[in-house]
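Chemist: Just one file: protein.txt, with compact mmCIF, C-alpha atoms.
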# COMPACT_ATOMS: atom_id res chain seq x y z
CA MET A 1 -13.29 23.63 7.20
CA ASP A 2 -13.16 21.73 3.89
CA LEU A 3 -14.80 22.98 0.74
CA PRO A 4 -17.34 20.65 -0.89
CA LEU A 5 -15.40 17.73 -2.33
CA ARG A 6 -14.76 17.62 -6.05
CA PRO A 7 -15.37 14.15 -7.56
CA CYS A 8 -11.62 13.64 -8.15
CA ILE A 9 -10.94 13.71 -4.36
CA ASP A 10 -14.28 12.47 -2.99
CA PRO A 11 -13.63 9.02 -1.46
CA MET A 12 -17.20 7.93 -2.21
CA HIS A 13 -16.52 8.58 -5.90
CA VAL A 14 -12.82 7.70 -6.16
CA LEU A 15 -13.12 4.44 -4.17
CA SER A 16 -16.05 2.88 -6.01
CA GLY A 17 -16.53 0.17 -8.60
CA ASN A 18 -13.26 -1.41 -9.70
CA PHE A 19 -11.39 1.07 -7.50
CA ALA A 20 -13.10 0.01 -4.27
CA PRO A 21 -10.63 -1.22 -1.62
CA VAL A 22 -10.22 -4.98 -1.23
CA ASP A 23 -9.26 -7.01 1.83
CA GLU A 24 -6.10 -9.02 2.21
CA LEU A 25 -6.43 -12.56 0.91
CA PRO A 26 -4.19 -15.34 2.22
CA PRO A 27 -2.67 -17.77 -0.27
CA THR A 28 -5.64 -19.27 -2.11
CA PRO A 29 -5.39 -22.09 -4.66
CA CYS A 30 -6.80 -21.20 -8.09
CA ARG A 31 -8.87 -23.72 -10.00
CA VAL A 32 -7.85 -24.21 -13.63
CA GLU A 33 -11.07 -23.99 -15.66
CA GLU A 34 -9.79 -25.46 -18.88
CA GLY A 35 -6.65 -27.34 -19.83
CA SER A 36 -3.69 -27.32 -17.47
CA LEU A 37 -0.69 -25.23 -16.48
CA PRO A 38 2.64 -26.56 -17.76
CA SER A 39 4.49 -28.26 -14.91
CA ALA A 40 7.73 -26.56 -16.02
CA LEU A 41 6.21 -23.10 -15.52
CA ASP A 42 7.56 -21.80 -12.22
CA GLY A 43 7.46 -18.22 -10.96
CA VAL A 44 5.33 -15.41 -9.65
CA TYR A 45 3.54 -12.41 -11.18
CA ILE A 46 3.12 -9.51 -8.73
CA ARG A 47 1.20 -6.26 -9.09
CA ASN A 48 1.58 -3.28 -6.73
CA GLY A 49 -1.07 -0.61 -6.32
CA PRO A 50 -2.83 1.75 -3.89
CA ASN A 51 -5.51 0.25 -1.62
CA PRO A 52 -6.49 2.21 1.52
CA GLN A 53 -6.94 0.08 4.63
CA PHE A 54 -9.52 2.61 5.92
CA ILE A 55 -12.04 4.71 4.00
CA PRO A 56 -11.08 8.35 4.66
CA HIS A 57 -13.62 10.86 5.94
CA GLY A 58 -12.22 13.78 3.97
CA PRO A 59 -10.48 14.45 0.66
CA PHE A 60 -8.71 11.45 -0.83
CA HIS A 61 -6.51 11.05 -3.88
CA VAL A 62 -6.06 7.61 -5.39
CA PHE A 63 -2.28 7.91 -4.91
CA ASP A 64 -2.84 8.04 -1.12
CA GLY A 65 -3.80 4.36 -0.79
CA ASP A 66 -1.60 1.94 1.15
CA GLY A 67 0.52 -0.38 -0.97
CA MET A 68 -1.08 -3.74 -1.69
CA LEU A 69 0.63 -6.54 -3.55
CA HIS A 70 -1.44 -9.01 -5.56
CA SER A 71 0.38 -12.12 -6.73
CA ILE A 72 -0.16 -15.31 -8.66
CA ARG A 73 2.42 -17.96 -7.76
CA ILE A 74 2.68 -20.74 -10.36
CA SER A 75 4.56 -23.92 -9.52
CA ASN A 76 4.21 -27.63 -10.36
CA GLY A 77 1.14 -27.03 -12.54
CA GLU A 78 -0.76 -25.18 -9.81
CA ALA A 79 -1.52 -21.50 -9.23
CA VAL A 80 -1.99 -19.68 -5.91
CA PHE A 81 -3.39 -16.14 -5.60
CA CYS A 82 -2.57 -13.84 -2.66
CA SER A 83 -3.13 -10.18 -1.73
CA ARG A 84 -1.22 -8.54 1.13
CA TYR A 85 -0.58 -5.00 2.29
CA VAL A 86 3.00 -3.82 2.37
CA LYS A 87 3.51 -3.38 6.12
CA THR A 88 4.94 0.15 5.97
CA TYR A 89 5.40 2.33 9.04
CA LYS A 90 2.34 4.35 7.95
CA TYR A 91 0.27 1.18 7.57
CA MET A 92 1.29 -0.14 11.00
CA VAL A 93 0.60 3.18 12.80
CA GLU A 94 -2.84 3.48 11.21
CA GLN A 95 -3.65 -0.18 11.86
CA LYS A 96 -2.86 0.38 15.54
CA MET A 97 -4.91 3.62 15.65
CA GLY A 98 -7.85 2.11 13.72
CA TYR A 99 -8.32 5.00 11.30
CA PRO A 100 -6.41 7.02 8.66
CA PHE A 101 -4.13 8.90 11.06
CA ILE A 102 -1.29 10.12 8.83
CA VAL A 103 -2.51 12.83 6.47
CA SER A 104 -1.20 12.65 2.92
CA PRO A 105 -0.03 15.73 1.04
CA PHE A 106 -2.16 14.70 -1.98
CA SER A 107 -5.37 14.95 0.06
CA SER A 108 -4.62 18.58 0.93
CA PHE A 109 -5.65 19.92 -2.47
CA ASN A 110 -9.08 21.10 -1.33
CA GLY A 111 -8.67 24.71 -0.29
CA THR A 112 -5.82 26.63 1.30
CA ALA A 113 -7.28 26.73 4.83
CA ALA A 114 -7.87 22.98 4.83
CA ALA A 115 -4.36 22.30 3.53
CA ILE A 116 -2.79 24.47 6.24
CA ALA A 117 -4.95 22.81 8.91
CA ARG A 118 -3.84 19.35 7.75
CA CYS A 119 -0.17 20.37 7.83
CA VAL A 120 -0.59 21.80 11.36
CA LEU A 121 -2.30 18.55 12.41
CA VAL A 122 0.60 16.45 11.08
CA VAL A 123 3.18 18.65 12.84
CA ALA A 124 1.21 18.49 16.11
CA ARG A 125 1.02 14.69 15.91
CA VAL A 126 4.76 14.45 15.26
CA LEU A 127 5.58 16.82 18.15
CA ALA A 128 3.24 14.87 20.45
CA GLY A 129 5.20 11.73 19.64
CA TYR A 130 2.39 9.84 17.91
CA PHE A 131 4.65 9.00 14.98
CA ASN A 132 8.12 9.78 13.67
CA PRO A 133 8.22 10.28 9.90
CA VAL A 134 11.84 11.49 10.00
CA SER A 135 13.23 8.17 11.27
CA ASN A 136 10.51 5.85 10.00
CA GLY A 137 9.14 7.51 6.86
CA PHE A 138 5.49 7.84 5.99
CA GLY A 139 5.38 6.39 2.47
CA THR A 140 2.85 3.92 1.17
CA ALA A 141 5.06 1.63 -0.98
CA ASN A 142 2.22 1.56 -3.52
CA THR A 143 3.90 2.57 -6.77
CA ASN A 144 6.15 -0.11 -8.19
CA LEU A 145 8.31 -3.16 -7.58
CA ALA A 146 12.02 -3.59 -8.30
CA MET A 147 14.54 -6.40 -8.01
CA PHE A 148 17.89 -5.21 -6.71
CA GLY A 149 20.73 -7.38 -5.45
CA GLY A 150 18.51 -10.47 -5.60
CA LYS A 151 15.88 -8.84 -3.35
CA LEU A 152 12.38 -7.63 -4.21
CA PHE A 153 11.36 -4.12 -3.11
CA ALA A 154 8.01 -2.31 -2.99
CA LEU A 155 8.56 1.34 -3.92
CA CYS A 156 7.08 4.81 -3.48
CA GLU A 157 8.85 8.07 -4.20
CA SER A 158 8.12 9.51 -0.73
CA ASP A 159 9.98 6.87 1.31
CA LEU A 160 12.71 4.26 1.32
CA PRO A 161 11.84 0.93 -0.31
CA TYR A 162 10.36 -1.97 1.64
CA GLN A 163 11.81 -5.40 1.04
CA VAL A 164 9.14 -8.04 0.42
CA ARG A 165 9.31 -11.71 -0.46
CA VAL A 166 6.99 -14.40 -1.75
CA THR A 167 7.10 -17.64 0.24
CA PRO A 168 7.05 -21.05 -1.46
CA ASP A 169 3.35 -21.43 -0.56
CA GLY A 170 2.56 -18.09 -2.29
CA ASP A 171 2.22 -15.78 0.73
CA ILE A 172 3.66 -12.26 0.57
CA ILE A 173 5.75 -11.13 3.54
CA THR A 174 7.06 -7.62 4.25
CA VAL A 175 10.65 -8.10 5.45
CA SER A 176 11.61 -4.53 6.40
CA ARG A 177 12.14 -0.95 5.32
CA HIS A 178 15.53 -0.90 3.61
CA ASP A 179 18.01 1.99 3.75
CA PHE A 180 20.77 0.14 1.85
CA TYR A 181 22.98 0.47 4.89
CA THR A 182 22.77 4.29 4.82
CA GLN A 183 24.50 4.42 1.43
Would you kindly transcribe this structure into structure tokens?
Modeler:
Amino acid sequence: MDLPLRPCIDPMHVLSGNFAPVDELPPTPCRVEEGSLPSALDGVYIRNGPNPQFIPHGPFHVFDGDGMLHSIRISNGEAVFCSRYVKTYKYMVEQKMGYPFIVSPFSSFNGTAAAIARCVLVVARVLAGYFNPVSNGFGTANTNLAMFGGKLFALCESDLPYQVRVTPDGDIITVSRHDFYTQ
């Protein structure tokens, strides 16, 4: 059904080298190689980016990856590194299914027939009750981070933000999808 994959959407090409997916990493102390970290330095640096939990079997665009947060927590002269997925609805459904179940619109750019087939597949899965993107969204929370009202949110344009927090030991926890009280 799909045309031969162009390199820009071929997962074997797109997800290689420095763009290969990485696993979650629990809070891990970092060894200081030279000198020391100032004891007064206290905070966290966090990066958000796409990282698919499963290698897709068909077309894949780099924007389709699940959101993964990488952080370095610095406190009391010590640094802790951690990588965690944002536990979005999409992530949780696919984790339960064991494969990339929710088709992304970006991956449909490989021929009209394939795009229509993917859309029909998504509609069939919604009608069969496998997932509910209307109530729960289907975003990846892989684009950015924002502080709002003293809370940290992982963002993606296709869904509501997900509140996340960094624990004192450096772990990253997904709190919940946040609708700002339907405002």
Chemist: Can you measure atom CA of Leu127 of chain A to atom CA of Asp10 of chain A for me? One decimal in Å is fine.
Modeler: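 Answer for the atom CA of Leu127 of chain A to atom CA of Asp10 of chain A separation: 29.3 Å.
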Chemist: Using only C-alpha atoms, which residues of segment 63-95 of chain A come within 9 Å of segment 40-53 of chain A, and what is the closest atom pair for each, with the distance in Å to one decimal? Give it as a Markdown table, sorted by chain and residue number.
Modeler:
| residue | atom | partner | partner_atom | distance |
| --- | --- | --- | --- | --- |
| A:Phe63 | CA | A:Pro50 | CA | 6.3 |
| A:Asp64 | CA | A:Pro50 | CA | 6.9 |
| A:Gly65 | CA | A:Pro52 | CA | 4.1 |
| A:Asp66 | CA | A:Pro52 | CA | 4.9 |
| A:Gly67 | CA | A:Pro50 | CA | 4.9 |
| A:Met68 | CA | A:Gly49 | CA | 5.6 |
| A:Leu69 | CA | A:Asn48 | CA | 4.7 |
| A:His70 | CA | A:Arg47 | CA | 5.2 |
| A:Ser71 | CA | A:Ile46 | CA | 4.3 |
| A:Ile72 | CA | A:Tyr45 | CA | 5.3 |
| A:Arg73 | CA | A:Val44 | CA | 4.3 |
| A:Ile74 | CA | A:Asp42 | CA | 5.3 |
| A:Ser75 | CA | A:Asp42 | CA | 4.6 |
| A:Asn76 | CA | A:Ala40 | CA | 6.8 |
| A:Gly77 | CA | A:Leu41 | CA | 7.1 |
| A:Tyr85 | CA | A:Asn51 | CA | 8.2 |
| A:Tyr91 | CA | A:Gln53 | CA | 7.9 |
| A:Glu94 | CA | A:Gln53 | CA | 8.5 |
| A:Gln95 | CA | A:Gln53 | CA | 7.9 |
Chemist: Under the rule that all atoms listed in the file are counted, which of A:Arg6, A:Phe101, A:Cys30, A:Gly35 is the nearest residue to Val122 of chain A?
Modeler: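 Closest candidate: A:Phe101.
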Chemist: Which residues are close to Leu15 of chain A, i.e. within 10 Å by all atoms listed in the file, leaving aside same-chain residues fewer than 6 positions away? Reply as a ChimeraX atom specification.
Modeler: /A:9,21,51-52,55-56,60-62,65
Chemist: Using all atoms listed in the file, find the one residue out of A:Arg84, A:Phe153, A:Val164, A:Val103 that sits nearest to Val22 of chain A.
Modeler: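 For Val22 of chain A, the nearest of the candidates is A:Arg84.
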